[in-house]
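Shown next, in structure tokens, is the structure this report addresses.
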Amino acid sequence: MKNAIPRNPLRLLSLMLALLLTGSLLAACGNDDDDTASDELTPVTIALDWYPWSNHTGLYLAQERGYFEEEGLDVEIYVPGNPQDGLTLVGSGRDEFAISYQTDVLLARGEDIPVQSVAALVQHPLNSIMALESSGIERPSDLQGMTIGVPGVPSDEALLSSILESDGLTMDDVEIVNVGFTLIPPLLAGQVDAIIGAYWVHESFLVEREGEDVSILRVEEWGVPDYYELVLVASDETVENNGELVEGMMRAISRGYADAESDNAAALDALLAAAPDTDRELEERGIVLLQPYWTDNGSIPFGQQTPERWESYATWLKDNDMLADDVDPLEAFTNEFVEVVGQEN
């Protein structure tokens, strides 16, 4: 077979230079295209409320499937050094969005932090009083004379007080022990009879993994008004002046959570890809219980909130001296972007 490479040294050198130049130009063009594509995306950060878990699967699935990019967004999902800083970071403009709690949004507004909820991610409380089934605790009145572990969060103690009062007890009828956020070990060790602040869709499985059955008292069933456990938060500035950004975010995460609900395995794959240390077995159990709370079993649009829910919960906070009377709960949320996305669908 004839050699296809030119034998003339000068011609060979010319060809090599031409190839190198062509390659450089192509690479440069390619980099320009990449840079242009990157420049066209708006950088956005989402501060999480906790380490990645099954409730965040809709976010990670939206990211993995390119839904954010389709909205022109380059999204970074991260856990702040102190997850409780999410609202401050959003209010200051450091982050565009955060996952937080209805309680904290109202309290933040009471401290003049300009943030509001743009979507409810979890429609009902996940917090609970949790005890070992062997304790015989089946209702709040069974807690009389018991020791209850709390994480030291003021709202949890207010929840506990309301729960006890709903069944004829007061805080004087129980002993309170601050165990911090490591709630499960003291319960398993018998150092406390019950705990509050544990999610029944998560921590309950940690107890069962140790061979113990769990008794759960759901807070909204015992004297506490129904509330949104987790919400997506943006700053007042973003809501008022950058509605297109919020709309794009809502479109992307609505798709992500819809996909997560229809395909749990894919949702967990996306979660594990982003956070490899996540306990898949634990989250497989949790997502099954959690997903009906994203849209109330499909009965409402994703993210929807009601004035009644915000007003009743704010009243409860005020009655418990946790929220200033001048905080208007109707300014703490908006359905504007939920409605826009809903109309598009």
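In the structure tokens, chains take letters A, B, ... by order of appearance, with residues numbered from 1 within each chain and ligands from 1 in the order shown.
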
I'd like a table as a tab-separated table: residues in range 205-311 of chain A with an atom no more than 10 Å from range 61-67 of chain A, each row giving the shortest atom pair and its distance in Å to one decimal, only C-alpha atoms counted, sorted by chain and rising residue number.
```
residue	atom	partner	partner_atom	distance
A:Gly248	CA	A:Tyr67	CA	9.2
A:Met249	CA	A:Tyr67	CA	9.0
A:Arg251	CA	A:Tyr67	CA	8.2
A:Ala252	CA	A:Tyr67	CA	5.0
A:Ile253	CA	A:Ala62	CA	5.9
A:Ser254	CA	A:Ala62	CA	8.5
A:Arg255	CA	A:Ala62	CA	6.8
A:Gly256	CA	A:Ala62	CA	4.3
A:Tyr257	CA	A:Leu61	CA	7.7
A:Ala258	CA	A:Ala62	CA	9.7
A:Asp259	CA	A:Leu61	CA	7.6
A:Ala260	CA	A:Leu61	CA	7.0
A:Ala266	CA	A:Leu61	CA	7.6
A:Ala267	CA	A:Leu61	CA	5.7
A:Leu268	CA	A:Leu61	CA	8.5
A:Asp269	CA	A:Leu61	CA	8.5
A:Ala270	CA	A:Leu61	CA	5.4
A:Leu271	CA	A:Leu61	CA	7.4
A:Ala273	CA	A:Glu64	CA	9.0
A:Ala274	CA	A:Glu64	CA	9.1
```

For the selection you just gave me, I'd like the residues written to a file as a short mmCIF file (atom, residue, chain, number, x, y, z; two decimals), in the first residue's frame, keeping C-alpha atoms.
```
data_model
loop_
_atom_site.label_atom_id
_atom_site.label_comp_id
_atom_site.auth_asym_id
_atom_site.auth_seq_id
_atom_site.Cartn_x
_atom_site.Cartn_y
_atom_site.Cartn_z
CA GLY A 248 -37.46 29.73 36.02
CA MET A 249 -36.51 28.16 39.33
CA ARG A 251 -40.50 25.59 36.53
CA ALA A 252 -37.33 23.56 36.97
CA ILE A 253 -37.94 22.27 40.48
CA SER A 254 -41.62 21.53 39.76
CA ARG A 255 -40.42 19.21 37.01
CA GLY A 256 -37.75 17.77 39.27
CA TYR A 257 -40.18 16.91 42.06
CA ALA A 258 -42.76 15.52 39.64
CA ASP A 259 -40.08 13.23 38.22
CA ALA A 260 -38.92 12.27 41.72
CA ALA A 266 -33.93 7.87 39.65
CA ALA A 267 -34.45 10.53 42.30
CA LEU A 268 -32.29 8.65 44.78
CA ASP A 269 -29.66 8.01 42.09
CA ALA A 270 -29.41 11.77 41.58
CA LEU A 271 -29.18 12.34 45.33
CA ALA A 273 -24.51 11.11 42.77
CA ALA A 274 -24.41 14.52 44.47
#
```

Would you mind listing what lies within 12 Å of Gln343 in chain A as a list in words, with only C-alpha atoms counted and same-chain residues fewer than 4 positions away left out? Glu247, Arg251, Pro301, Glu336, Phe337, Val338 and Glu339 of chain A

Which residues are close to Gln191 in chain A, i.e. within 10 Å by only C-alpha atoms, leaving aside same-chain residues fewer than 2 positions away? Reply as a count of residues only. 12

Close residues, Asp112 in chain A itself excluded, 10 Å, only C-alpha atoms, min 4 positions apart in chain, as a list in words: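 Residues near the query, excluding close chain neighbours: Gly91, Leu106, Leu107, Ala108 and Val327 of chain A.
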
Closest atom pairs, residues of range 36-141 of chain A within 12 Å of range 306-317 of chain A, only C-alpha atoms, as a Markdown table:
```
| residue | atom | partner | partner_atom | distance |
| --- | --- | --- | --- | --- |
| A:Tyr101 | CA | A:Trp310 | CA | 11.9 |
| A:Gln102 | CA | A:Trp310 | CA | 8.2 |
| A:Thr103 | CA | A:Tyr313 | CA | 8.2 |
| A:Asp104 | CA | A:Leu317 | CA | 10.8 |
| A:Val105 | CA | A:Ala314 | CA | 10.4 |
| A:Leu106 | CA | A:Ala314 | CA | 7.2 |
| A:Leu107 | CA | A:Leu317 | CA | 9.0 |
| A:Arg109 | CA | A:Ala314 | CA | 11.4 |
| A:Gly110 | CA | A:Ala314 | CA | 10.9 |
| A:Gln116 | CA | A:Trp310 | CA | 11.6 |
| A:Ser117 | CA | A:Trp310 | CA | 10.5 |
| A:Val118 | CA | A:Thr306 | CA | 11.7 |
| A:Ala119 | CA | A:Thr306 | CA | 10.5 |
| A:Ala120 | CA | A:Thr306 | CA | 9.7 |
| A:Gln123 | CA | A:Arg309 | CA | 10.1 |
| A:His124 | CA | A:Arg309 | CA | 10.1 |
| A:Pro125 | CA | A:Tyr313 | CA | 11.6 |
```

Selected residues, C-alpha atoms, written as a compact mmCIF listing (two decimals), in the first residue's frame, please.
```
# COMPACT_ATOMS: atom_id res chain seq x y z
CA TYR A 101 -38.98 26.45 57.57
CA GLN A 102 -42.24 28.36 57.80
CA THR A 103 -41.44 29.10 61.43
CA ASP A 104 -38.06 30.58 60.58
CA VAL A 105 -39.41 32.72 57.74
CA LEU A 106 -41.89 34.38 60.10
CA LEU A 107 -39.27 34.83 62.82
CA ARG A 109 -39.35 38.85 59.16
CA GLY A 110 -39.82 39.75 62.80
CA GLN A 116 -40.37 35.33 51.90
CA SER A 117 -41.53 31.88 50.90
CA VAL A 118 -42.13 31.41 47.17
CA ALA A 119 -43.21 27.76 47.42
CA ALA A 120 -44.11 25.14 50.01
CA GLN A 123 -47.25 20.69 52.86
CA HIS A 124 -47.49 19.48 56.48
CA PRO A 125 -45.35 19.12 59.62
```

Sel. of helix (DSSP H, G or I) residues, range 76-132 of chain A, as a VMD selection string: chain A and resid 83 to 91 102 to 110

Preceding selection exported with C-alpha atoms as a compact mmCIF listing (two decimals), in the first residue's frame:
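Writing the result to result18.txt gives the following:
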```txt
# COMPACT_ATOMS: atom_id res chain seq x y z
CA PRO A 83 -27.58 25.52 57.92
CA GLN A 84 -29.46 27.99 60.11
CA ASP A 85 -27.76 30.82 58.19
CA GLY A 86 -29.77 30.20 55.01
CA LEU A 87 -32.27 33.02 55.54
CA THR A 88 -29.57 35.51 56.46
CA LEU A 89 -27.60 34.56 53.35
CA VAL A 90 -30.65 35.07 51.15
CA GLY A 91 -31.71 38.28 52.88
CA GLN A 102 -42.24 28.36 57.80
CA THR A 103 -41.44 29.10 61.43
CA ASP A 104 -38.06 30.58 60.58
CA VAL A 105 -39.41 32.72 57.74
CA LEU A 106 -41.89 34.38 60.10
CA LEU A 107 -39.27 34.83 62.82
CA ALA A 108 -36.82 36.26 60.28
CA ARG A 109 -39.35 38.85 59.16
CA GLY A 110 -39.82 39.75 62.80
```

Nearest candidate to Asp236 in chain A (options A:Ile137, A:Ala332, A:Met322, A:Ile77; using only C-alpha atoms):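 Between A:Ile137, A:Ala332, A:Met322, A:Ile77, the residue approaching Asp236 in chain A most closely is A:Ala332.
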
Could you tell me, as a PyMOL selection string, which residues of range 47-277 of chain A DSSP assigns to strand (DSSP E or B) when given the backbone? chain A and resi 47+73-78+97-100+115-122+127-132+147-150+175-178+194-199+214-218+230-235
